[in-house]
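Asks: Sharing final22.pdb (PDB, C-alpha atoms and all ligand atoms) below.
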```pdb
ATOM      1  CA  MET T   1     -13.825 -14.441 -39.210
ATOM      2  CA  ILE T   2     -14.085 -11.082 -37.542
ATOM      3  CA  LYS T   3     -14.690 -11.217 -33.855
ATOM      4  CA  ASN T   4     -16.168  -8.297 -32.000
ATOM      5  CA  ARG T   5     -14.388  -8.149 -28.726
ATOM      6  CA  ILE T   6     -14.708  -5.811 -25.845
ATOM      7  CA  LYS T   7     -11.268  -4.691 -24.816
ATOM      8  CA  ILE T   8     -10.341  -6.101 -21.436
ATOM      9  CA  TYR T   9      -7.978  -3.838 -19.575
ATOM     10  CA  PRO T  10      -4.966  -5.415 -17.889
ATOM     11  CA  LYS T  11      -5.421  -5.400 -14.118
ATOM     12  CA  ILE T  12      -2.189  -6.816 -12.907
ATOM     13  CA  ILE T  13      -0.803  -7.807  -9.552
ATOM     14  CA  ILE T  14       2.932  -8.376  -9.350
ATOM     15  CA  MET T  15       4.157 -10.493  -6.456
ATOM     16  CA  GLY T  16       7.498 -11.777  -5.384
ATOM     17  CA  PRO T  17      10.101 -11.371  -2.692
ATOM     18  CA  GLN T  18      12.495  -8.470  -2.861
ATOM     19  CA  GLY T  19      15.436  -9.329  -5.047
ATOM     20  CA  SER T  20      13.284 -11.273  -7.535
ATOM     21  CA  GLY T  21      13.447  -8.422 -10.060
ATOM     22  CA  LYS T  22       9.914  -7.402  -9.170
ATOM     23  CA  GLY T  23      10.523  -3.639  -9.114
ATOM     24  CA  THR T  24      12.264  -3.623 -12.489
ATOM     25  CA  GLN T  25       9.613  -5.819 -14.128
ATOM     26  CA  ALA T  26       6.838  -3.674 -12.663
ATOM     27  CA  GLU T  27       8.418  -0.541 -14.117
ATOM     28  CA  LEU T  28       8.897  -2.056 -17.590
ATOM     29  CA  ILE T  29       5.468  -3.662 -17.824
ATOM     30  CA  ALA T  30       3.535  -0.591 -16.641
ATOM     31  CA  LYS T  31       5.406   1.541 -19.158
ATOM     32  CA  LYS T  32       4.787  -0.835 -22.071
ATOM     33  CA  LEU T  33       1.101  -1.242 -21.246
ATOM     34  CA  SER T  34       0.621   2.451 -20.375
ATOM     35  CA  VAL T  35      -1.063   1.645 -17.086
ATOM     36  CA  PRO T  36      -0.292   3.332 -13.781
ATOM     37  CA  LYS T  37       2.065   1.447 -11.515
ATOM     38  CA  ILE T  38       0.910   1.704  -7.950
ATOM     39  CA  ALA T  39       3.562   0.509  -5.518
ATOM     40  CA  THR T  40       2.850   0.643  -1.808
ATOM     41  CA  GLY T  41       6.554   0.622  -0.941
ATOM     42  CA  GLU T  42       7.154   3.725  -3.075
ATOM     43  CA  ILE T  43       4.190   5.540  -1.575
ATOM     44  CA  TYR T  44       5.422   4.853   1.949
ATOM     45  CA  ARG T  45       9.031   5.725   1.166
ATOM     46  CA  GLU T  46       7.909   8.987  -0.441
ATOM     47  CA  ASN T  47       6.033   9.816   2.760
ATOM     48  CA  ILE T  48       9.086   8.970   4.840
ATOM     49  CA  ARG T  49      11.169  11.291   2.651
ATOM     50  CA  ARG T  50       8.656  14.125   2.934
ATOM     51  CA  LYS T  51       8.478  13.537   6.693
ATOM     52  CA  THR T  52       4.690  13.300   6.782
ATOM     53  CA  LYS T  53       2.790  11.848   9.731
ATOM     54  CA  LEU T  54       2.160   8.708   7.687
ATOM     55  CA  GLY T  55       5.861   8.625   6.869
ATOM     56  CA  ALA T  56       6.840   8.656  10.540
ATOM     57  CA  MET T  57       4.593   5.680  11.190
ATOM     58  CA  ALA T  58       5.841   3.870   8.083
ATOM     59  CA  ALA T  59       9.457   4.400   9.093
ATOM     60  CA  ARG T  60       8.844   2.800  12.488
ATOM     61  CA  ILE T  61       7.027  -0.207  11.040
ATOM     62  CA  ILE T  62       8.645  -0.877   7.641
ATOM     63  CA  ASN T  63      12.236  -0.444   8.740
ATOM     64  CA  LYS T  64      11.752  -3.370  11.096
ATOM     65  CA  GLY T  65      10.470  -5.457   8.189
ATOM     66  CA  ASN T  66       6.854  -5.371   9.392
ATOM     67  CA  LEU T  67       3.701  -4.595   7.427
ATOM     68  CA  MET T  68       1.629  -1.450   7.722
ATOM     69  CA  PRO T  69      -1.887  -1.986   9.145
ATOM     70  CA  ASN T  70      -4.424  -3.183   6.558
ATOM     71  CA  GLU T  71      -6.822  -0.273   6.987
ATOM     72  CA  ILE T  72      -4.105   2.248   6.180
ATOM     73  CA  THR T  73      -2.788   0.402   3.129
ATOM     74  CA  ASN T  74      -6.318  -0.339   1.877
ATOM     75  CA  GLY T  75      -7.256   3.321   2.273
ATOM     76  CA  ILE T  76      -4.268   4.495   0.244
ATOM     77  CA  MET T  77      -4.824   1.909  -2.497
ATOM     78  CA  THR T  78      -8.543   2.637  -2.758
ATOM     79  CA  LYS T  79      -7.756   6.291  -3.352
ATOM     80  CA  GLU T  80      -5.083   5.460  -5.961
ATOM     81  CA  LEU T  81      -7.210   2.902  -7.820
ATOM     82  CA  LYS T  82     -10.156   5.259  -8.066
ATOM     83  CA  LYS T  83      -8.115   7.884  -9.892
ATOM     84  CA  PRO T  84      -9.157   8.329 -13.567
ATOM     85  CA  ASP T  85      -5.858   6.991 -14.969
ATOM     86  CA  ALA T  86      -6.438   3.625 -13.255
ATOM     87  CA  LYS T  87      -9.752   3.083 -15.076
ATOM     88  CA  LYS T  88      -8.004   1.537 -18.082
ATOM     89  CA  GLY T  89      -5.936  -0.941 -16.158
ATOM     90  CA  TYR T  90      -3.352  -0.918 -13.431
ATOM     91  CA  LEU T  91      -0.348  -2.691 -12.080
ATOM     92  CA  VAL T  92      -0.097  -3.030  -8.324
ATOM     93  CA  ASP T  93       3.184  -3.832  -6.649
ATOM     94  CA  GLY T  94       3.477  -4.754  -2.978
ATOM     95  CA  TYR T  95      -0.274  -5.155  -2.755
ATOM     96  CA  PRO T  96      -2.251  -7.158  -1.743
ATOM     97  CA  ARG T  97      -0.211  -8.779   1.002
ATOM     98  CA  ASN T  98      -2.990 -10.782   2.639
ATOM     99  CA  ILE T  99      -6.584 -11.923   2.115
ATOM    100  CA  GLU T 100      -8.145  -8.843   3.690
ATOM    101  CA  GLN T 101      -6.234  -6.626   1.235
ATOM    102  CA  ALA T 102      -7.079  -8.972  -1.660
ATOM    103  CA  GLU T 103     -10.772  -8.660  -0.855
ATOM    104  CA  CYS T 104     -10.476  -4.887  -0.795
ATOM    105  CA  LEU T 105      -8.785  -4.853  -4.219
ATOM    106  CA  GLU T 106     -11.404  -7.177  -5.704
ATOM    107  CA  LYS T 107     -14.153  -4.837  -4.550
ATOM    108  CA  ILE T 108     -12.555  -1.831  -6.258
ATOM    109  CA  ALA T 109     -11.297  -3.415  -9.498
ATOM    110  CA  MET T 110     -11.101  -7.179 -10.014
ATOM    111  CA  PRO T 111      -7.565  -8.220 -11.016
ATOM    112  CA  ASN T 112      -7.205 -10.451 -14.088
ATOM    113  CA  PHE T 113      -3.497 -11.335 -14.187
ATOM    114  CA  VAL T 114      -1.122 -12.190 -11.354
ATOM    115  CA  ILE T 115       2.617 -12.283 -11.944
ATOM    116  CA  PHE T 116       4.576 -14.248  -9.372
ATOM    117  CA  LEU T 117       8.370 -14.030  -9.440
ATOM    118  CA  GLY T 118      10.137 -16.702  -7.436
ATOM    119  CA  ALA T 119      13.718 -16.631  -6.162
ATOM    120  CA  ARG T 120      15.655 -18.557  -3.537
ATOM    121  CA  MET T 121      16.759 -17.028  -0.235
ATOM    122  CA  PRO T 122      20.582 -17.017  -0.829
ATOM    123  CA  ILE T 123      20.097 -15.317  -4.209
ATOM    124  CA  ILE T 124      17.782 -12.749  -2.661
ATOM    125  CA  ILE T 125      20.178 -11.897   0.154
ATOM    126  CA  GLN T 126      23.082 -11.649  -2.274
ATOM    127  CA  ARG T 127      21.176  -9.342  -4.647
ATOM    128  CA  ILE T 128      19.706  -7.056  -2.013
ATOM    129  CA  SER T 129      22.853  -6.641   0.040
ATOM    130  CA  LYS T 130      24.469  -5.017  -3.015
ATOM    131  CA  ARG T 131      21.800  -2.382  -3.323
ATOM    132  CA  ARG T 132      22.646   1.230  -2.474
ATOM    133  CA  GLU T 133      20.622   4.403  -2.305
ATOM    134  CA  CYS T 134      21.687   8.036  -2.493
ATOM    135  CA  GLY T 135      21.111   9.612   0.916
ATOM    136  CA  ASN T 136      20.202  12.868  -0.819
ATOM    137  CA  CYS T 137      18.304  12.371  -4.118
ATOM    138  CA  LYS T 138      17.244   8.734  -3.431
ATOM    139  CA  ALA T 139      18.651   7.425  -6.729
ATOM    140  CA  ILE T 140      19.025   3.630  -6.605
ATOM    141  CA  TYR T 141      22.206   1.753  -7.487
ATOM    142  CA  HIS T 142      23.364  -1.847  -7.433
ATOM    143  CA  LEU T 143      27.061  -2.526  -6.943
ATOM    144  CA  ILE T 144      26.994  -5.186  -9.687
ATOM    145  CA  ASN T 145      24.033  -4.463 -11.983
ATOM    146  CA  ARG T 146      23.982  -0.675 -11.854
ATOM    147  CA  PRO T 147      27.194   0.543 -10.224
ATOM    148  CA  PRO T 148      27.879   4.249  -9.693
ATOM    149  CA  LYS T 149      30.775   5.711 -11.712
ATOM    150  CA  LYS T 150      32.683   6.547  -8.528
ATOM    151  CA  SER T 151      32.622   3.956  -5.759
ATOM    152  CA  GLU T 152      29.817   4.615  -3.233
ATOM    153  CA  ILE T 153      29.124   8.118  -4.672
ATOM    154  CA  CYS T 154      25.902   9.202  -6.417
ATOM    155  CA  ASP T 155      26.323   9.945 -10.167
ATOM    156  CA  LYS T 156      23.527  12.502 -10.087
ATOM    157  CA  CYS T 157      24.350  14.647  -7.079
ATOM    158  CA  GLY T 158      27.713  13.517  -5.683
ATOM    159  CA  ASN T 159      26.276  12.550  -2.328
ATOM    160  CA  GLU T 160      27.390   9.446  -0.434
ATOM    161  CA  LEU T 161      25.501   6.191  -1.119
ATOM    162  CA  VAL T 162      23.998   4.289   1.772
ATOM    163  CA  GLN T 163      22.390   0.928   2.347
ATOM    164  CA  ARG T 164      18.686   1.356   2.961
ATOM    165  CA  GLU T 165      17.603   0.378   6.453
ATOM    166  CA  ASP T 166      15.118  -2.189   5.102
ATOM    167  CA  ASP T 167      17.795  -3.706   2.820
ATOM    168  CA  LYS T 168      19.812  -4.945   5.794
ATOM    169  CA  SER T 169      19.794  -8.696   6.222
ATOM    170  CA  ALA T 170      17.740  -8.906   9.444
ATOM    171  CA  ALA T 171      14.961  -6.869   7.828
ATOM    172  CA  ILE T 172      15.194  -8.927   4.616
ATOM    173  CA  LYS T 173      14.795 -12.200   6.511
ATOM    174  CA  ARG T 174      11.942 -10.877   8.607
ATOM    175  CA  ARG T 175      10.144  -9.607   5.501
ATOM    176  CA  LEU T 176      10.690 -12.877   3.653
ATOM    177  CA  GLN T 177       9.076 -14.777   6.499
ATOM    178  CA  ILE T 178       6.076 -12.468   6.410
ATOM    179  CA  PHE T 179       5.994 -12.711   2.634
ATOM    180  CA  GLN T 180       5.958 -16.496   2.650
ATOM    181  CA  THR T 181       3.361 -16.992   5.358
ATOM    182  CA  GLN T 182       1.025 -14.193   4.292
ATOM    183  CA  THR T 183       1.164 -14.674   0.531
ATOM    184  CA  LYS T 184       0.639 -18.454   0.519
ATOM    185  CA  PRO T 185      -3.146 -18.111   0.827
ATOM    186  CA  LEU T 186      -3.045 -15.437  -1.907
ATOM    187  CA  ILE T 187      -1.301 -17.809  -4.289
ATOM    188  CA  ALA T 188      -3.974 -20.429  -3.633
ATOM    189  CA  ARG T 189      -6.695 -17.825  -4.163
ATOM    190  CA  TYR T 190      -5.334 -16.632  -7.506
ATOM    191  CA  LYS T 191      -4.676 -20.175  -8.742
ATOM    192  CA  LYS T 192      -8.310 -20.956  -8.033
ATOM    193  CA  MET T 193      -9.351 -17.834  -9.957
ATOM    194  CA  GLY T 194      -7.222 -19.037 -12.878
ATOM    195  CA  ILE T 195      -5.194 -15.824 -13.094
ATOM    196  CA  PHE T 196      -1.943 -16.973 -11.459
ATOM    197  CA  HIS T 197       1.257 -16.987 -13.555
ATOM    198  CA  SER T 198       4.567 -18.021 -12.042
ATOM    199  CA  TYR T 199       8.024 -17.081 -13.380
ATOM    200  CA  ASP T 200      11.617 -17.744 -12.391
ATOM    201  CA  GLY T 201      12.869 -14.482 -10.909
ATOM    202  CA  GLU T 202      16.452 -15.738 -10.926
ATOM    203  CA  LYS T 203      16.510 -15.677 -14.750
ATOM    204  CA  PRO T 204      17.592 -12.505 -16.612
ATOM    205  CA  ILE T 205      15.070  -9.629 -16.554
ATOM    206  CA  LEU T 206      14.490  -9.567 -20.325
ATOM    207  CA  PHE T 207      14.051 -13.320 -20.558
ATOM    208  CA  VAL T 208      11.372 -13.248 -17.850
ATOM    209  CA  GLN T 209       9.755 -10.224 -19.426
ATOM    210  CA  LYS T 210       9.313 -12.024 -22.755
ATOM    211  CA  GLN T 211       7.527 -14.879 -20.987
ATOM    212  CA  ILE T 212       5.234 -12.449 -19.169
ATOM    213  CA  PHE T 213       4.294 -10.659 -22.406
ATOM    214  CA  ARG T 214       3.700 -13.961 -24.164
ATOM    215  CA  ASP T 215       1.203 -14.893 -21.413
ATOM    216  CA  LEU T 216      -0.445 -11.460 -21.397
ATOM    217  CA  LYS T 217      -1.046 -11.880 -25.129
ATOM    218  CA  LYS T 218      -2.431 -15.367 -24.586
ATOM    219  CA  GLU T 219      -4.914 -13.931 -22.129
ATOM    220  CA  GLU T 220      -5.730 -11.192 -24.665
ATOM    221  CA  LEU T 221      -4.837  -8.437 -22.242
ATOM    222  CA  ILE T 222      -2.492  -6.754 -24.721
TER
HETATM  223 ZN    ZN V 301      22.085  11.570  -5.416
END
```
Written as structure tokens, that's how I'd like the structure from this file.
Replies:
Amino acid sequence: MIKNRIKIYPKIIIMGPQGSGKGTQAELIAKKLSVPKIATGEIYRENIRRKTKLGAMAARIINKGNLMPNEITNGIMTKELKKPDAKKGYLVDGYPRNIEQAECLEKIAMPNFVIFLGARMPIIIQRISKRRECGNCKAIYHLINRPPKKSEICDKCGNELVQREDDKSAAIKRRLQIFQTQTKPLIARYKKMGIFHSYDGEKPILFVQKQIFRDLKKEELI
């Protein structure tokens, strides 16, 4: 039997604490599905790097492990999600972080698949504390998973590697607390909507990715 189906575009939210493999999964999934990946953290870090006014504010707030005000984040995301390339699906990372942001997203483009990556605190701390960033070109390394050829030196530009301010353990713990308290109501919301999918972020990246793609197929989003 031939079914006439209207193609439903994947509108994906990826959630999970830092160190759950969220960034890597987001990158891989967006690439495979050819949808834009819109990551609030990247947008803010880019502004910090370019020393914009927004960047100065973000540096003050994010480096302490706090969240940017809703109206600023919602404004940025609205602009990004209204771009033509986001009309055929999107993947948002680091957004929404609370109900007010979730409501904003639903008004612009209703999400239809939520990926939640779980990981325990000790694993998170251990993974993140090994992360390094080039102070010059901002290339990202991991002392175990993606080590530089020369210890603590950037492969690309030879600059010294540093630990990002928001990767230090006080900021990680603070952010985890915010993550847990603020995202709990989101999890409940997306479960109710029937679009919530939970995965074990401590498992290998490719293993988790296979499970995600299996579920995306089940939902007929790919
Ligand atoms: Zn570099």
Asks: Which distance in Å separates atom CA of Asp200 of chain T and atom CA of Ala170 of chain T, to one decimal?
Replies: 24.3 Å
Asks: Go through chain T residue by residue and, counting only C-alpha atoms and all ligand atoms, keep those with an atom at most 9 Å from ligand ZN 301 (chain V); for each kept residue give the shortest atom pair and its distance in Å to one decimal, ordered by chain and increasing number, as a tab-separated table.
Replies:
```
residue	atom	partner	partner_atom	distance
T:Glu133	CA	V:ZN301	ZN	7.9
T:Cys134	CA	V:ZN301	ZN	4.6
T:Gly135	CA	V:ZN301	ZN	6.7
T:Asn136	CA	V:ZN301	ZN	5.1
T:Cys137	CA	V:ZN301	ZN	4.1
T:Lys138	CA	V:ZN301	ZN	6.0
T:Ala139	CA	V:ZN301	ZN	5.5
T:Ile140	CA	V:ZN301	ZN	8.6
T:Ile153	CA	V:ZN301	ZN	7.9
T:Cys154	CA	V:ZN301	ZN	4.6
T:Asp155	CA	V:ZN301	ZN	6.6
T:Lys156	CA	V:ZN301	ZN	5.0
T:Cys157	CA	V:ZN301	ZN	4.2
T:Gly158	CA	V:ZN301	ZN	6.0
T:Asn159	CA	V:ZN301	ZN	5.3
T:Glu160	CA	V:ZN301	ZN	7.6
T:Leu161	CA	V:ZN301	ZN	7.7
```
Asks: Tell me, in Å to one decimal, how far atom CA of Arg45 of chain T is from atom CA of Thr24 of chain T.
Replies: 16.9 Å
Asks: Any idea what's packed within 9 Å of Ile125 of chain T, counting all atoms listed in the file, ignoring anything in its chain fewer than 5 positions away? Could you give it as number ranges by chain?
Replies: T: 18-19, 120, 130, 167-169, 172-173
Asks: Taking only C-alpha atoms into account, which of T:Arg214, T:Lys107, T:Lys191, T:Tyr9 comes nearest Lys82 of chain T?
Replies: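 Selected residue with least distance to Lys82 of chain T: T:Lys107.
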Asks: Please evaluate the PyMOL selection byres (((chain T and resi 85) around 12) and not hetatm) against the displayed coordinates and give the resulting residues as a list of chain:residue names.
Replies: T:Tyr9, T:Ser34, T:Val35, T:Pro36, T:Lys37, T:Ile38, T:Lys79, T:Glu80, T:Leu81, T:Lys82, T:Lys83, T:Pro84, T:Ala86, T:Lys87, T:Lys88, T:Gly89, T:Tyr90, T:Leu91
Asks: Suppose we keep C-alpha atoms; can you now write the selection as a compact mmCIF listing (two decimals), in the frame of the given file?
Replies:
```txt
# COMPACT_ATOMS: atom_id res chain seq x y z
CA TYR T 9 -7.98 -3.84 -19.58
CA SER T 34 0.62 2.45 -20.38
CA VAL T 35 -1.06 1.64 -17.09
CA PRO T 36 -0.29 3.33 -13.78
CA LYS T 37 2.06 1.45 -11.52
CA ILE T 38 0.91 1.70 -7.95
CA LYS T 79 -7.76 6.29 -3.35
CA GLU T 80 -5.08 5.46 -5.96
CA LEU T 81 -7.21 2.90 -7.82
CA LYS T 82 -10.16 5.26 -8.07
CA LYS T 83 -8.12 7.88 -9.89
CA PRO T 84 -9.16 8.33 -13.57
CA ALA T 86 -6.44 3.62 -13.26
CA LYS T 87 -9.75 3.08 -15.08
CA LYS T 88 -8.00 1.54 -18.08
CA GLY T 89 -5.94 -0.94 -16.16
CA TYR T 90 -3.35 -0.92 -13.43
CA LEU T 91 -0.35 -2.69 -12.08
```
Asks: Pick out the closest residue to Leu186 of chain T from this set: T:Leu143, T:Ile72, T:Ala119, T:Met15. Count all atoms listed in the file.
Replies: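 Checking each of T:Leu143, T:Ile72, T:Ala119, T:Met15 against Leu186 of chain T, counting all atoms listed in the file, the winner is T:Met15.
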Asks: Quick check, in Å to one decimal: how far apart do atom CA of Ser198 of chain T and atom CA of Gly118 of chain T lie?
Replies: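 Going from atom CA of Ser198 of chain T over to atom CA of Gly118 of chain T, I get 7.3 Å.
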Asks: Could you write out as a ChimeraX atom specification the residues that the PyMOL selection byres (((chain T and resi 104) around 10) and not hetatm) matches in the shown file?
Replies: /T:70-71,74-75,77-78,96,99-103,105-110
Asks: Please output segment 113-124 of chain T, rebuilt to include N, CA and C atoms, as a short mmCIF file (atom, residue, chain, number, x, y, z; two decimals), keeping the file's coordinate frame.
Replies:
```cif
data_model
loop_
_atom_site.label_atom_id
_atom_site.label_comp_id
_atom_site.auth_asym_id
_atom_site.auth_seq_id
_atom_site.Cartn_x
_atom_site.Cartn_y
_atom_site.Cartn_z
N PHE T 113 -4.79 -10.71 -13.86
CA PHE T 113 -3.50 -11.34 -14.19
C PHE T 113 -2.54 -11.16 -13.00
N VAL T 114 -2.06 -12.26 -12.48
CA VAL T 114 -1.12 -12.19 -11.35
C VAL T 114 0.23 -12.71 -11.81
N ILE T 115 1.25 -11.89 -11.62
CA ILE T 115 2.62 -12.28 -11.94
C ILE T 115 3.31 -12.64 -10.64
N PHE T 116 3.81 -13.87 -10.55
CA PHE T 116 4.58 -14.25 -9.37
C PHE T 116 6.02 -14.52 -9.79
N LEU T 117 6.95 -13.82 -9.15
CA LEU T 117 8.37 -14.03 -9.44
C LEU T 117 9.01 -14.75 -8.26
N GLY T 118 9.52 -15.93 -8.51
CA GLY T 118 10.14 -16.70 -7.44
C GLY T 118 11.65 -16.56 -7.44
N ALA T 119 12.25 -16.62 -6.27
CA ALA T 119 13.72 -16.63 -6.16
C ALA T 119 14.09 -17.24 -4.81
N ARG T 120 15.24 -17.91 -4.78
CA ARG T 120 15.66 -18.56 -3.54
C ARG T 120 16.35 -17.58 -2.60
N MET T 121 16.21 -17.89 -1.29
CA MET T 121 16.76 -17.03 -0.24
C MET T 121 18.22 -16.58 -0.43
N PRO T 122 19.19 -17.49 -0.69
CA PRO T 122 20.58 -17.02 -0.83
C PRO T 122 20.75 -16.01 -1.96
N ILE T 123 20.02 -16.23 -3.06
CA ILE T 123 20.10 -15.32 -4.21
C ILE T 123 19.53 -13.95 -3.81
N ILE T 124 18.43 -13.98 -3.09
CA ILE T 124 17.78 -12.75 -2.66
C ILE T 124 18.72 -11.93 -1.77
#
```
